[in-house]
file upload18.cif (mmCIF, C-alpha atoms and all ligand atoms)
data_structure
loop_
_atom_site.label_atom_id
_atom_site.label_comp_id
_atom_site.auth_asym_id
_atom_site.auth_seq_id
_atom_site.Cartn_x
_atom_site.Cartn_y
_atom_site.Cartn_z
CA MET J 1 19.74 15.59 -36.47
CA LEU J 2 18.81 15.99 -32.80
CA LYS J 3 21.42 17.47 -30.49
CA ILE J 4 21.48 15.60 -27.19
CA GLY J 5 23.66 16.34 -24.17
CA ILE J 6 24.82 14.08 -21.36
CA LEU J 7 25.61 15.45 -17.90
CA GLY J 8 28.58 13.47 -16.61
CA GLY J 9 31.36 11.72 -18.48
CA GLY J 10 31.95 8.48 -16.57
CA GLN J 11 31.57 4.90 -17.77
CA LEU J 12 27.79 5.16 -18.13
CA GLY J 13 28.22 8.14 -20.44
CA ARG J 14 30.89 6.26 -22.36
CA MET J 15 28.68 3.21 -22.95
CA LEU J 16 25.72 5.45 -23.81
CA LEU J 17 27.90 7.09 -26.48
CA GLN J 18 28.98 3.71 -27.84
CA ALA J 19 25.28 3.00 -28.46
CA ALA J 20 24.70 6.50 -29.90
CA ALA J 21 27.04 5.70 -32.77
CA ASN J 22 24.24 3.55 -34.27
CA TYR J 23 21.75 6.42 -34.49
CA PRO J 24 21.39 9.81 -36.17
CA VAL J 25 22.19 12.01 -33.18
CA GLU J 26 24.78 14.69 -32.39
CA THR J 27 26.20 14.12 -28.93
CA PHE J 28 27.47 16.56 -26.28
CA VAL J 29 29.08 15.86 -22.90
CA LEU J 30 29.53 18.17 -19.89
CA GLU J 31 32.16 17.07 -17.37
CA ASN J 32 34.98 18.67 -15.40
CA ASP J 33 37.61 16.06 -16.19
CA THR J 34 38.84 16.38 -19.79
CA GLU J 35 40.30 12.84 -19.60
CA CYS J 36 37.06 11.23 -18.39
CA PRO J 37 35.81 7.94 -19.94
CA ALA J 38 33.28 9.70 -22.21
CA ALA J 39 35.46 12.62 -23.35
CA HIS J 40 36.68 11.09 -26.61
CA LEU J 41 33.50 9.41 -27.79
CA CYS J 42 31.17 12.40 -28.05
CA HIS J 43 30.98 14.89 -30.91
CA HIS J 44 31.36 17.88 -28.58
CA PHE J 45 32.96 18.00 -25.15
CA THR J 46 32.45 20.88 -22.72
CA LYS J 47 34.57 21.17 -19.62
CA GLY J 48 32.39 22.25 -16.70
CA ASP J 49 30.86 21.36 -13.38
CA ILE J 50 27.56 19.42 -13.65
CA LYS J 51 26.62 20.72 -10.18
CA ASP J 52 26.95 24.37 -11.25
CA PHE J 53 23.82 26.23 -12.41
CA ASP J 54 25.49 28.34 -15.11
CA ALA J 55 27.59 25.49 -16.45
CA VAL J 56 24.53 23.24 -16.87
CA TYR J 57 22.27 25.99 -18.18
CA ASN J 58 24.77 27.25 -20.76
CA PHE J 59 25.56 23.71 -21.87
CA GLY J 60 21.90 22.79 -22.29
CA LYS J 61 20.34 25.88 -23.79
CA GLY J 62 21.19 25.18 -27.44
CA LEU J 63 20.29 21.47 -27.26
CA ASP J 64 17.12 19.53 -28.10
CA ALA J 65 17.38 17.19 -25.12
CA LEU J 66 19.50 16.37 -22.09
CA THR J 67 20.09 13.26 -20.08
CA ILE J 68 22.22 12.33 -17.09
CA GLU J 69 24.58 9.57 -16.08
CA ILE J 70 24.60 10.55 -12.41
CA GLU J 71 21.86 12.12 -10.23
CA ASN J 72 24.13 14.62 -8.54
CA VAL J 73 23.59 17.45 -11.05
CA ASN J 74 22.18 20.97 -10.87
CA VAL J 75 18.44 20.32 -11.00
CA GLU J 76 17.46 24.03 -10.93
CA ALA J 77 19.23 24.59 -14.24
CA LEU J 78 17.46 21.55 -15.69
CA GLU J 79 14.10 22.91 -14.52
CA LYS J 80 14.77 26.21 -16.26
CA LEU J 81 15.85 24.44 -19.44
CA GLU J 82 12.77 22.23 -19.31
CA ALA J 83 10.55 25.31 -18.94
CA GLU J 84 12.27 26.76 -22.02
CA GLY J 85 11.48 23.67 -24.08
CA VAL J 86 14.56 21.45 -23.76
CA LYS J 87 13.47 17.84 -23.16
CA VAL J 88 15.08 16.31 -20.07
CA TYR J 89 15.31 12.53 -19.52
CA PRO J 90 14.34 11.81 -16.78
CA LYS J 91 12.29 14.88 -15.79
CA PRO J 92 13.98 17.21 -13.26
CA SER J 93 11.11 16.54 -10.83
CA VAL J 94 12.20 12.88 -10.69
CA LEU J 95 15.83 13.83 -10.11
CA LYS J 96 14.78 16.07 -7.24
CA THR J 97 12.92 13.23 -5.56
CA ILE J 98 15.58 10.61 -6.14
CA LYS J 99 18.75 12.53 -5.34
CA ASN J 100 17.54 13.08 -1.77
CA LYS J 101 17.01 9.79 0.08
CA ILE J 102 14.48 11.42 2.45
CA LEU J 103 12.28 12.57 -0.45
CA GLN J 104 12.80 9.22 -2.17
CA LYS J 105 11.56 7.28 0.87
CA GLN J 106 8.59 9.64 1.21
CA TYR J 107 7.76 9.01 -2.44
CA TYR J 108 7.53 5.24 -1.83
CA GLN J 109 5.39 5.90 1.23
CA GLN J 110 3.01 8.27 -0.63
CA HIS J 111 2.51 5.76 -3.42
CA GLN J 112 2.09 2.76 -1.08
CA LEU J 113 5.16 1.09 -2.54
CA PRO J 114 6.67 -1.43 -0.12
CA SER J 115 10.01 -0.17 1.27
CA PRO J 116 11.68 -0.72 4.68
CA ALA J 117 10.12 1.30 7.55
CA PHE J 118 12.04 4.52 8.32
CA ILE J 119 12.28 7.66 10.34
CA ILE J 120 14.10 10.90 9.57
CA THR J 121 16.98 12.15 11.72
CA ASN J 122 18.30 15.68 11.21
CA ASN J 123 21.53 15.34 13.22
CA LEU J 124 23.48 13.03 15.55
CA ASP J 125 21.58 14.20 18.64
CA GLU J 126 18.31 13.13 17.07
CA LEU J 127 19.86 9.83 16.02
CA LYS J 128 20.95 9.15 19.63
CA GLN J 129 17.28 9.23 20.67
CA GLN J 130 16.49 6.34 18.34
CA GLU J 131 18.23 3.42 20.05
CA SER J 132 14.99 1.46 20.12
CA PHE J 133 14.79 1.60 16.30
CA LEU J 134 18.03 -0.43 15.92
CA PRO J 135 19.22 -2.54 14.18
CA ALA J 136 18.88 -0.07 11.36
CA VAL J 137 20.66 1.43 8.39
CA HIS J 138 21.54 5.12 8.40
CA LYS J 139 21.53 6.76 4.97
CA ILE J 140 22.60 10.33 4.37
CA GLY J 141 19.93 12.40 2.58
CA GLU J 142 22.17 13.98 -0.03
CA GLY J 143 25.63 13.31 -1.40
CA GLY J 144 26.10 9.59 -0.63
CA TYR J 145 27.37 7.41 -3.47
CA ASP J 146 28.44 3.78 -3.94
CA GLY J 147 27.80 2.82 -0.33
CA LYS J 148 29.69 5.82 1.12
CA GLY J 149 26.57 7.46 2.51
CA VAL J 150 25.34 4.31 4.26
CA GLN J 151 26.15 3.03 7.78
CA LEU J 152 24.86 -0.16 9.34
CA LEU J 153 23.90 0.53 12.97
CA ARG J 154 23.41 -2.74 14.82
CA THR J 155 23.98 -1.71 18.42
CA LYS J 156 23.94 1.56 20.35
CA GLU J 157 27.76 1.69 20.17
CA ASP J 158 27.42 2.02 16.38
CA ILE J 159 25.38 5.23 16.68
CA ALA J 160 28.57 7.32 16.66
CA LYS J 161 29.14 6.14 13.06
CA GLY J 162 25.89 7.81 11.98
CA PHE J 163 25.62 11.02 9.96
CA ASP J 164 25.34 14.44 11.58
CA ALA J 165 23.12 15.65 8.74
CA PRO J 166 19.54 15.08 7.53
CA SER J 167 19.31 11.35 6.96
CA VAL J 168 17.00 8.37 6.76
CA LEU J 169 17.12 5.73 9.50
CA GLU J 170 15.75 2.57 7.97
CA LYS J 171 14.88 -0.74 9.65
CA MET J 172 17.48 -3.38 8.87
CA VAL J 173 16.02 -5.99 6.56
CA ASP J 174 16.86 -9.66 6.93
CA ILE J 175 17.92 -9.88 3.28
CA HIS J 176 17.52 -13.11 1.36
CA LYS J 177 18.42 -11.60 -2.01
CA GLU J 178 19.21 -8.22 -3.51
CA ILE J 179 17.73 -7.88 -6.95
CA ALA J 180 17.38 -5.12 -9.52
CA GLN J 181 15.00 -4.60 -12.34
CA MET J 182 15.57 -2.22 -15.25
CA VAL J 183 12.42 -0.56 -16.58
CA ALA J 184 12.14 1.54 -19.74
CA ILE J 185 9.30 3.99 -20.27
CA ASN J 186 8.81 6.18 -23.32
CA SER J 187 7.17 9.56 -23.79
CA THR J 188 3.75 8.02 -24.45
CA GLY J 189 3.94 5.89 -21.28
CA GLU J 190 4.67 2.53 -22.92
CA THR J 191 6.90 0.37 -20.73
CA ALA J 192 9.34 -2.51 -21.19
CA LEU J 193 10.81 -4.59 -18.36
CA TYR J 194 14.19 -6.28 -18.46
CA PRO J 195 14.55 -9.64 -16.71
CA PRO J 196 15.53 -9.03 -13.06
CA VAL J 197 19.14 -9.55 -11.96
CA GLU J 198 20.47 -10.89 -8.68
CA MET J 199 23.42 -9.24 -6.94
CA LEU J 200 26.20 -10.20 -4.61
CA PHE J 201 28.24 -7.53 -2.87
CA ASP J 202 31.81 -7.34 -1.70
CA PRO J 203 31.27 -6.83 2.05
CA THR J 204 34.37 -4.67 2.50
CA LEU J 205 33.91 -2.24 -0.39
CA ASN J 206 30.11 -2.22 -0.54
CA LEU J 207 30.34 -2.08 -4.34
CA LEU J 208 28.60 -4.41 -6.73
CA ASP J 209 30.71 -7.49 -7.09
CA TYR J 210 28.99 -9.81 -9.52
CA GLN J 211 25.55 -10.21 -10.80
CA LEU J 212 23.50 -13.02 -12.26
CA CYS J 213 20.85 -12.58 -14.95
CA PRO J 214 18.11 -13.70 -14.80
CA ALA J 215 17.77 -13.70 -11.01
CA GLU J 216 16.73 -17.05 -9.56
CA LEU J 217 13.29 -16.24 -8.20
CA ASP J 218 10.11 -18.26 -7.88
CA GLU J 219 7.25 -17.08 -10.10
CA LYS J 220 5.41 -15.41 -7.23
CA THR J 221 8.41 -13.34 -6.12
CA LYS J 222 9.21 -12.48 -9.72
CA SER J 223 5.70 -11.12 -10.35
CA LYS J 224 5.76 -9.16 -7.09
CA ALA J 225 9.09 -7.57 -8.08
CA GLU J 226 7.85 -6.73 -11.57
CA ALA J 227 4.65 -5.15 -10.27
CA ILE J 228 6.56 -3.05 -7.73
CA ALA J 229 9.23 -1.94 -10.23
CA LEU J 230 6.58 -0.94 -12.78
CA SER J 231 4.61 0.97 -10.21
CA VAL J 232 7.71 2.81 -8.93
CA VAL J 233 8.53 3.94 -12.45
CA ARG J 234 5.00 4.73 -13.70
CA ASN J 235 4.30 7.02 -10.74
CA PHE J 236 7.25 9.23 -11.67
CA LYS J 237 5.34 10.19 -14.83
CA SER J 238 8.57 10.65 -16.75
CA PRO J 239 10.11 8.94 -19.75
CA GLY J 240 13.53 7.37 -19.25
CA ILE J 241 15.36 4.25 -18.19
CA PHE J 242 15.27 3.28 -14.51
CA ALA J 243 16.90 0.68 -12.27
CA VAL J 244 14.75 -0.35 -9.31
CA GLU J 245 16.86 -2.04 -6.62
CA MET J 246 14.87 -4.30 -4.33
CA PHE J 247 15.31 -6.62 -1.35
CA VAL J 248 13.67 -10.01 -1.07
CA ASP J 249 13.57 -10.77 2.65
CA LYS J 250 13.61 -14.13 4.41
CA ASN J 251 9.75 -14.20 4.37
CA GLY J 252 9.63 -13.72 0.61
CA ASP J 253 8.46 -10.11 0.88
CA VAL J 254 9.75 -7.77 -1.80
CA MET J 255 10.56 -4.14 -1.01
CA VAL J 256 12.23 -1.25 -2.78
CA ASN J 257 15.69 -0.24 -1.59
CA GLU J 258 16.30 2.59 -4.04
CA THR J 259 15.81 3.65 -7.62
CA ALA J 260 18.28 5.06 -10.13
CA PRO J 261 16.63 7.22 -12.83
CA ARG J 262 19.21 6.29 -15.46
CA ALA J 263 21.27 3.51 -16.96
CA HIS J 264 22.83 1.52 -14.16
CA ASN J 265 25.56 -0.91 -13.21
CA SER J 266 22.90 -3.61 -12.88
CA GLY J 267 22.14 -3.28 -16.60
CA HIS J 268 25.65 -3.59 -18.06
CA HIS J 269 25.13 -7.21 -19.10
CA THR J 270 22.30 -6.07 -21.43
CA ILE J 271 24.94 -4.82 -23.91
CA GLU J 272 25.61 -8.38 -25.06
CA ALA J 273 23.11 -10.55 -23.19
CA ASN J 274 19.82 -8.86 -24.24
CA TYR J 275 18.52 -7.87 -27.68
CA SER J 276 18.26 -4.17 -26.83
CA SER J 277 20.75 -2.92 -24.23
CA GLN J 278 19.87 -0.36 -21.58
CA PHE J 279 21.90 2.19 -23.57
CA ASP J 280 20.28 1.35 -26.89
CA MET J 281 16.92 1.65 -25.14
CA GLN J 282 17.75 5.08 -23.78
CA TRP J 283 18.42 6.41 -27.30
CA ARG J 284 15.23 4.82 -28.59
CA ILE J 285 13.33 6.69 -25.87
CA MET J 286 15.07 10.02 -26.44
CA LEU J 287 14.87 9.83 -30.24
CA GLY J 288 11.22 8.75 -30.27
CA TYR J 289 11.83 5.30 -31.78
CA PRO J 290 9.95 2.11 -30.80
CA LEU J 291 11.06 0.50 -27.52
CA GLY J 292 13.53 -2.36 -28.01
CA ASN J 293 13.24 -6.04 -27.16
CA THR J 294 14.36 -6.59 -23.55
CA ASP J 295 14.52 -10.41 -23.71
CA ALA J 296 17.73 -12.12 -22.66
CA ILE J 297 19.59 -13.87 -25.48
CA LEU J 298 21.41 -16.06 -22.96
CA PRO J 299 21.81 -16.12 -19.17
CA SER J 300 24.82 -14.08 -18.01
CA ILE J 301 27.04 -13.06 -15.15
CA MET J 302 28.55 -9.59 -15.01
CA VAL J 303 31.74 -9.04 -13.01
CA ASN J 304 32.88 -5.54 -12.06
CA ILE J 305 36.62 -4.97 -12.42
CA ILE J 306 37.49 -2.76 -9.49
CA GLY J 307 40.83 -1.21 -8.53
CA ALA J 308 42.85 -3.66 -6.42
CA GLU J 309 43.55 -2.90 -2.74
CA GLY J 310 46.92 -1.30 -2.17
CA PHE J 311 47.38 0.17 -5.68
CA SER J 312 46.90 3.80 -6.68
CA GLY J 313 48.22 5.51 -9.80
CA ASP J 314 48.52 4.83 -13.55
CA VAL J 315 46.55 1.66 -14.20
CA LYS J 316 48.07 -1.57 -15.54
CA TYR J 317 45.78 -4.49 -16.30
CA GLU J 318 47.10 -7.85 -15.22
CA GLY J 319 45.65 -10.94 -16.91
CA LEU J 320 43.90 -9.14 -19.75
CA GLU J 321 45.24 -11.43 -22.49
CA GLU J 322 44.18 -14.51 -20.61
CA VAL J 323 40.65 -13.22 -20.12
CA LEU J 324 40.40 -12.18 -23.77
CA LYS J 325 40.98 -15.84 -24.69
CA ILE J 326 37.72 -16.86 -22.97
CA GLU J 327 35.34 -17.14 -25.90
CA ASN J 328 32.07 -16.35 -24.09
CA ALA J 329 33.48 -13.38 -22.15
CA PHE J 330 33.02 -9.73 -23.21
CA VAL J 331 35.53 -7.28 -21.77
CA HIS J 332 34.79 -3.59 -21.17
CA LEU J 333 37.54 -1.32 -19.86
CA TYR J 334 36.37 2.19 -19.12
CA GLY J 335 39.50 4.07 -20.18
CA LYS J 336 40.26 5.49 -16.73
CA LYS J 337 43.94 6.42 -16.56
CA GLN J 338 44.22 6.17 -12.80
CA THR J 339 43.26 3.29 -10.56
CA LYS J 340 42.60 3.38 -6.82
CA PRO J 341 41.25 0.78 -4.42
CA GLY J 342 37.58 0.10 -5.13
CA ARG J 343 37.30 2.32 -8.24
CA LYS J 344 35.15 0.82 -11.00
CA MET J 345 37.64 0.31 -13.84
CA GLY J 346 35.65 -1.99 -16.13
CA HIS J 347 33.39 -5.00 -16.28
CA VAL J 348 33.22 -8.37 -17.98
CA THR J 349 30.05 -10.14 -19.07
CA ILE J 350 30.04 -13.92 -19.45
CA MET J 351 27.20 -15.63 -21.31
CA SER J 352 26.21 -19.29 -21.13
CA LYS J 353 23.18 -21.56 -20.80
CA GLU J 354 24.99 -23.38 -17.96
CA LYS J 355 25.05 -21.71 -14.55
CA GLN J 356 28.10 -23.75 -13.51
CA GLU J 357 29.98 -22.42 -16.52
CA LEU J 358 28.97 -18.85 -15.64
CA LEU J 359 30.15 -19.25 -12.05
CA HIS J 360 33.35 -20.97 -13.04
CA GLN J 361 34.29 -18.34 -15.63
CA SER J 362 33.33 -15.38 -13.48
CA ASN J 363 35.47 -16.59 -10.59
CA LYS J 364 38.34 -17.19 -12.96
CA ILE J 365 37.97 -13.70 -14.42
CA LYS J 366 37.83 -12.13 -10.98
CA ARG J 367 41.05 -13.84 -9.98
CA THR J 368 42.81 -13.19 -13.30
CA LEU J 369 41.94 -9.69 -14.48
CA VAL J 370 43.26 -7.23 -11.91
CA ALA J 371 43.63 -3.44 -12.10
CA LYS J 372 46.93 -2.52 -10.46
CA ALA J 373 49.26 0.47 -10.65
P1 LIG V 401 24.02 3.21 -2.15
O1 LIG V 401 23.09 4.22 -2.70
O2 LIG V 401 25.24 3.82 -1.58
O3 LIG V 401 24.28 2.06 -3.08
P2 LIG V 401 22.11 1.56 -0.68
O4 LIG V 401 20.93 2.24 -0.11
O5 LIG V 401 21.88 0.75 -1.91
O6 LIG V 401 23.27 2.61 -0.87
O7 LIG V 401 22.74 0.62 0.41
C1 LIG V 401 23.95 -0.10 0.19
C2 LIG V 401 23.83 -1.51 0.72
O8 LIG V 401 23.54 -1.50 2.12
C3 LIG V 401 22.67 -2.30 0.10
O9 LIG V 401 23.02 -2.84 -1.12
C4 LIG V 401 22.42 -3.34 1.18
O10 LIG V 401 23.35 -4.40 1.08
C5 LIG V 401 22.66 -2.58 2.46
N1 LIG V 401 21.37 -2.04 2.95
C6 LIG V 401 20.78 -0.89 2.59
N2 LIG V 401 19.60 -0.72 3.20
C7 LIG V 401 19.40 -1.80 3.99
C8 LIG V 401 18.37 -2.24 4.88
N3 LIG V 401 17.29 -1.50 5.13
N4 LIG V 401 18.53 -3.42 5.50
C9 LIG V 401 19.64 -4.19 5.30
N5 LIG V 401 20.65 -3.84 4.48
C10 LIG V 401 20.55 -2.66 3.81
#
call {"tool": "encode", "arguments": {"input": "upload18.cif", "output": "structure tokens", "more": "lines below"}}
Ligand code: ADP
result
Amino acid sequence: MLKIGILGGGQLGRMLLQAAANYPVETFVLENDTECPAAHLCHHFTKGDIKDFDAVYNFGKGLDALTIEIENVNVEALEKLEAEGVKVYPKPSVLKTIKNKILQKQYYQQHQLPSPAFIITNNLDELKQQESFLPAVHKIGEGGYDGKGVQLLRTKEDIAKGFDAPSVLEKMVDIHKEIAQMVAINSTGETALYPPVEMLFDPTLNLLDYQLCPAELDEKTKSKAEAIALSVVRNFKSPGIFAVEMFVDKNGDVMVNETAPRAHNSGHHTIEANYSSQFDMQWRIMLGYPLGNTDAILPSIMVNIIGAEGFSGDVKYEGLEEVLKIENAFVHLYGKKQTKPGRKMGHVTIMSKEKQELLHQSNKIKRTLVAKA
């Protein structure tokens, strides 16, 4: 049986392990928090820092393969392990490019992949010289997560909100839709595309709010998005599962916002709504099995359950029983003991042929199921 390790023990690791239970594989997790969502679902748990060279190297050296559930890991240790014969999904070279937004933007540029125009600023003084580039979006090169490393700079007064560190300053796009496309690619280069999803964001928290699958796109936009997503992923020359986040602007142009080289929030609905989920697919890739069927079984909406404003501490779910009575709703709670405002605590997927039904149920679920302390 192959021994496969996961760096990170959050909800993505947890759902990956739920899918692992269907396959002959021995699972390992490295994570600092012994009470993390994935801690109790793996065969072997190691407490340690995924950003630390020795912790990652020692964790990985006896294993057949490693994967990640977050990009912010020690890539040097993964490179050494890869050189010593441990398979890494995705390849460390991809992680290096993606975890730094400057390198990521340069990657799109080098491969002629459409992405908003940008310049690099190394500190606030350099940013102050770029008034004429506004309105723009300032994105910190390393360490940003879930919207925390992103500032919208509309006017010169906003410049003070920018980052005093190497960052990307990107032209602000007049966004019509934000979409995401999951792409799977195996070790022989075969690919499978999931239907694209369409996202709506909570403007205050900047976290994914709810998401419709399939996205409502005309055929032309859909083919553009598919071609771009495939090209982004193929050029990495690495097996794995990827989420390519894109903007469709008011002119119908499609451009890449960013790519995640792993299972992603925008693929959670695939657990119930598609034949092979993003997590199932990841095991198929790592275990050398045929790629799964990415078709949607039914249209869906996925709602993130995020910690309610004003509550921090031991979580209590309000409205859970009521939501569990909805027959076409699938509830996932991530097993986090503590809630805080904006923390991703779970998600619910609703499936139906009728868009009105999806919208009605998702709004009801959002109002009913609340994570409080
Ligand atoms: P994160 O990695 O933190 O999710 P993103 O790069 O996805 O950061 O940016 C977060 C959000 O900011 C996007 O979903 C989008 O709504 C907005 N945004 C990012 N880049 C641009 C842009 N160039 N133009 C307009 N809005 C943008």
call {"tool": "residues_near_point", "arguments": {"input": "upload18.cif", "point": "(14.2, 5.6, -13.6)", "cutoff": "8 Å", "atoms": "all atoms listed in the file", "output": "list in words"}}
result
Pro90, Val183, Ala184, Val233, Gly240, Ile241, Phe242, Ala243, Val244, Thr259, Ala260, Pro261 and Arg262 of chain J
call {"tool": "closest_residue", "arguments": {"input": "upload18.cif", "among": "J:Glu142, J:Asp164, J:Glu258, J:Asp218", "to": "ligand LIG 401 (chain V)", "atoms": "all atoms listed in the file"}}
result
J:Glu258
call {"tool": "residues_around", "arguments": {"input": "upload18.cif", "residues": "J:Ser223", "least_positions_apart": "6", "cutoff": "12 Å", "atoms": "all atoms listed in the file", "output": "VMD selection string"}}
result
chain J and resid 181 193 195 to 196 217 229 to 230 252 to 254
call {"tool": "write_last_selection", "arguments": {"input": "upload18.cif", "atoms": "C-alpha atoms", "output": "PDB file, keeping the file's coordinate frame"}}
result
ATOM      1  CA  GLN J 181      15.000  -4.600 -12.340  1.00  0.00           C
ATOM      2  CA  LEU J 193      10.810  -4.590 -18.360  1.00  0.00           C
ATOM      3  CA  PRO J 195      14.550  -9.640 -16.710  1.00  0.00           C
ATOM      4  CA  PRO J 196      15.530  -9.030 -13.060  1.00  0.00           C
ATOM      5  CA  LEU J 217      13.290 -16.240  -8.200  1.00  0.00           C
ATOM      6  CA  ALA J 229       9.230  -1.940 -10.230  1.00  0.00           C
ATOM      7  CA  LEU J 230       6.580  -0.940 -12.780  1.00  0.00           C
ATOM      8  CA  GLY J 252       9.630 -13.720   0.610  1.00  0.00           C
ATOM      9  CA  ASP J 253       8.460 -10.110   0.880  1.00  0.00           C
ATOM     10  CA  VAL J 254       9.750  -7.770  -1.800  1.00  0.00           C
TER      11      VAL J 254
END
call {"tool": "atom_distance", "arguments": {"input": "upload18.cif", "atom1": "atom CA of J:Lys344", "atom2": "atom CA of J:Ile305"}}
result
6.1 Å
call {"tool": "residues_near_ligand", "arguments": {"input": "upload18.cif", "ligand": "ligand LIG 401 (chain V)", "cutoff": "9 Å", "atoms": "all atoms listed in the file", "output": "number ranges by chain"}}
result
J: 101, 115-118, 135-139, 144-152, 169-175, 178, 199-201, 203, 206-208, 245-247, 257-260
call {"tool": "closest_residue", "arguments": {"input": "upload18.cif", "among": "J:Pro24, J:Val315, J:Val256, J:Thr221", "to": "J:Tyr289", "atoms": "all atoms listed in the file"}}
result
J:Pro24
call {"tool": "residues_around", "arguments": {"input": "upload18.cif", "residues": "stretch 332-342 of chain J", "least_positions_apart": "3", "cutoff": "6 Å", "atoms": "only C-alpha atoms", "output": "list in words"}}
result
Gln11, Pro37, Ile306, Gly307, Ala308, Glu309, Phe311, Ser312, Gly313, Asp314, Val315, Met345, Gly346, His347 and Val348 of chain J
call {"tool": "atom_distance", "arguments": {"input": "upload18.cif", "atom1": "atom CA of J:Thr368", "atom2": "atom CA of J:Gly310"}}
result
16.8 Å
call {"tool": "residues_around", "arguments": {"input": "upload18.cif", "residues": "stretch 68-78 of chain J", "least_positions_apart": "6", "cutoff": "8 Å", "atoms": "only C-alpha atoms", "output": "VMD selection string"}}
result
chain J and resid 6 to 10 12 to 13 50 to 54 56 to 57 88 to 90 92 95 to 96 98 to 99 143 260 to 263
call {"tool": "atom_distance", "arguments": {"input": "upload18.cif", "atom1": "atom CA of J:Ile301", "atom2": "atom CA of J:Tyr194"}}
result
14.9 Å
call {"tool": "closest_residue", "arguments": {"input": "upload18.cif", "among": "J:Phe236, J:Phe330, J:Tyr317, J:Phe59", "to": "J:Lys91", "atoms": "only C-alpha atoms"}}
result
J:Phe236
call {"tool": "residues_around", "arguments": {"input": "upload18.cif", "residues": "J:Gly189", "least_positions_apart": "4", "cutoff": "8 Å", "atoms": "all atoms listed in the file", "output": "ChimeraX atom specification"}}
result
/J:185,234,237,239
call {"tool": "residues_around", "arguments": {"input": "upload18.cif", "residues": "J:Asp125", "least_positions_apart": "3", "cutoff": "12 Å", "atoms": "all atoms listed in the file", "output": "list in words"}}
result
Thr121, Asn122, Lys128, Gln129, Gln130, Glu131, Ile159, Ala160, Gly162, Phe163, Asp164, Ala165 and Pro166 of chain J
call {"tool": "write_last_selection", "arguments": {"input": "upload18.cif", "atoms": "C-alpha atoms", "output": "compact mmCIF listing (two decimals), in the coordinates of the input"}}
result
# COMPACT_ATOMS: atom_id res chain seq x y z
CA THR J 121 16.98 12.15 11.72
CA ASN J 122 18.30 15.68 11.21
CA LYS J 128 20.95 9.15 19.63
CA GLN J 129 17.28 9.23 20.67
CA GLN J 130 16.49 6.34 18.34
CA GLU J 131 18.23 3.42 20.05
CA ILE J 159 25.38 5.23 16.68
CA ALA J 160 28.57 7.32 16.66
CA GLY J 162 25.89 7.81 11.98
CA PHE J 163 25.62 11.02 9.96
CA ASP J 164 25.34 14.44 11.58
CA ALA J 165 23.12 15.65 8.74
CA PRO J 166 19.54 15.08 7.53
call {"tool": "decode", "arguments": {"input": "upload18.cif", "residues": "stretch 187-198 of chain J", "atoms": "N, CA and C atoms", "output": "short mmCIF file (atom, residue, chain, number, x, y, z; two decimals), in the first residue's frame"}}
result
data_model
loop_
_atom_site.label_atom_id
_atom_site.label_comp_id
_atom_site.auth_asym_id
_atom_site.auth_seq_id
_atom_site.Cartn_x
_atom_site.Cartn_y
_atom_site.Cartn_z
N SER J 187 -0.08 11.97 -14.33
CA SER J 187 1.36 11.91 -14.55
C SER J 187 1.73 11.70 -16.01
N THR J 188 0.77 11.23 -16.84
CA THR J 188 1.09 11.09 -18.27
C THR J 188 0.57 12.30 -19.06
N GLY J 189 0.06 13.31 -18.38
CA GLY J 189 -0.36 14.54 -19.06
C GLY J 189 -1.80 14.54 -19.54
N GLU J 190 -2.57 13.48 -19.22
CA GLU J 190 -3.99 13.50 -19.58
C GLU J 190 -4.70 14.50 -18.67
N THR J 191 -5.69 15.21 -19.24
CA THR J 191 -6.39 16.23 -18.45
C THR J 191 -7.89 15.97 -18.41
N ALA J 192 -8.53 16.52 -17.38
CA ALA J 192 -9.99 16.48 -17.27
C ALA J 192 -10.43 17.80 -16.68
N LEU J 193 -11.43 18.42 -17.30
CA LEU J 193 -11.93 19.73 -16.85
C LEU J 193 -13.26 19.57 -16.15
N TYR J 194 -13.41 20.19 -15.02
CA TYR J 194 -14.73 20.26 -14.37
C TYR J 194 -15.52 21.41 -14.99
N PRO J 195 -16.85 21.36 -14.93
CA PRO J 195 -17.61 22.52 -15.40
C PRO J 195 -17.23 23.76 -14.57
N PRO J 196 -17.14 24.93 -15.21
CA PRO J 196 -16.76 26.13 -14.45
C PRO J 196 -17.85 26.53 -13.44
N VAL J 197 -17.42 27.19 -12.37
CA VAL J 197 -18.37 27.70 -11.37
C VAL J 197 -18.31 29.22 -11.38
N GLU J 198 -19.37 29.81 -10.85
CA GLU J 198 -19.49 31.27 -10.82
C GLU J 198 -19.57 31.69 -9.36
#
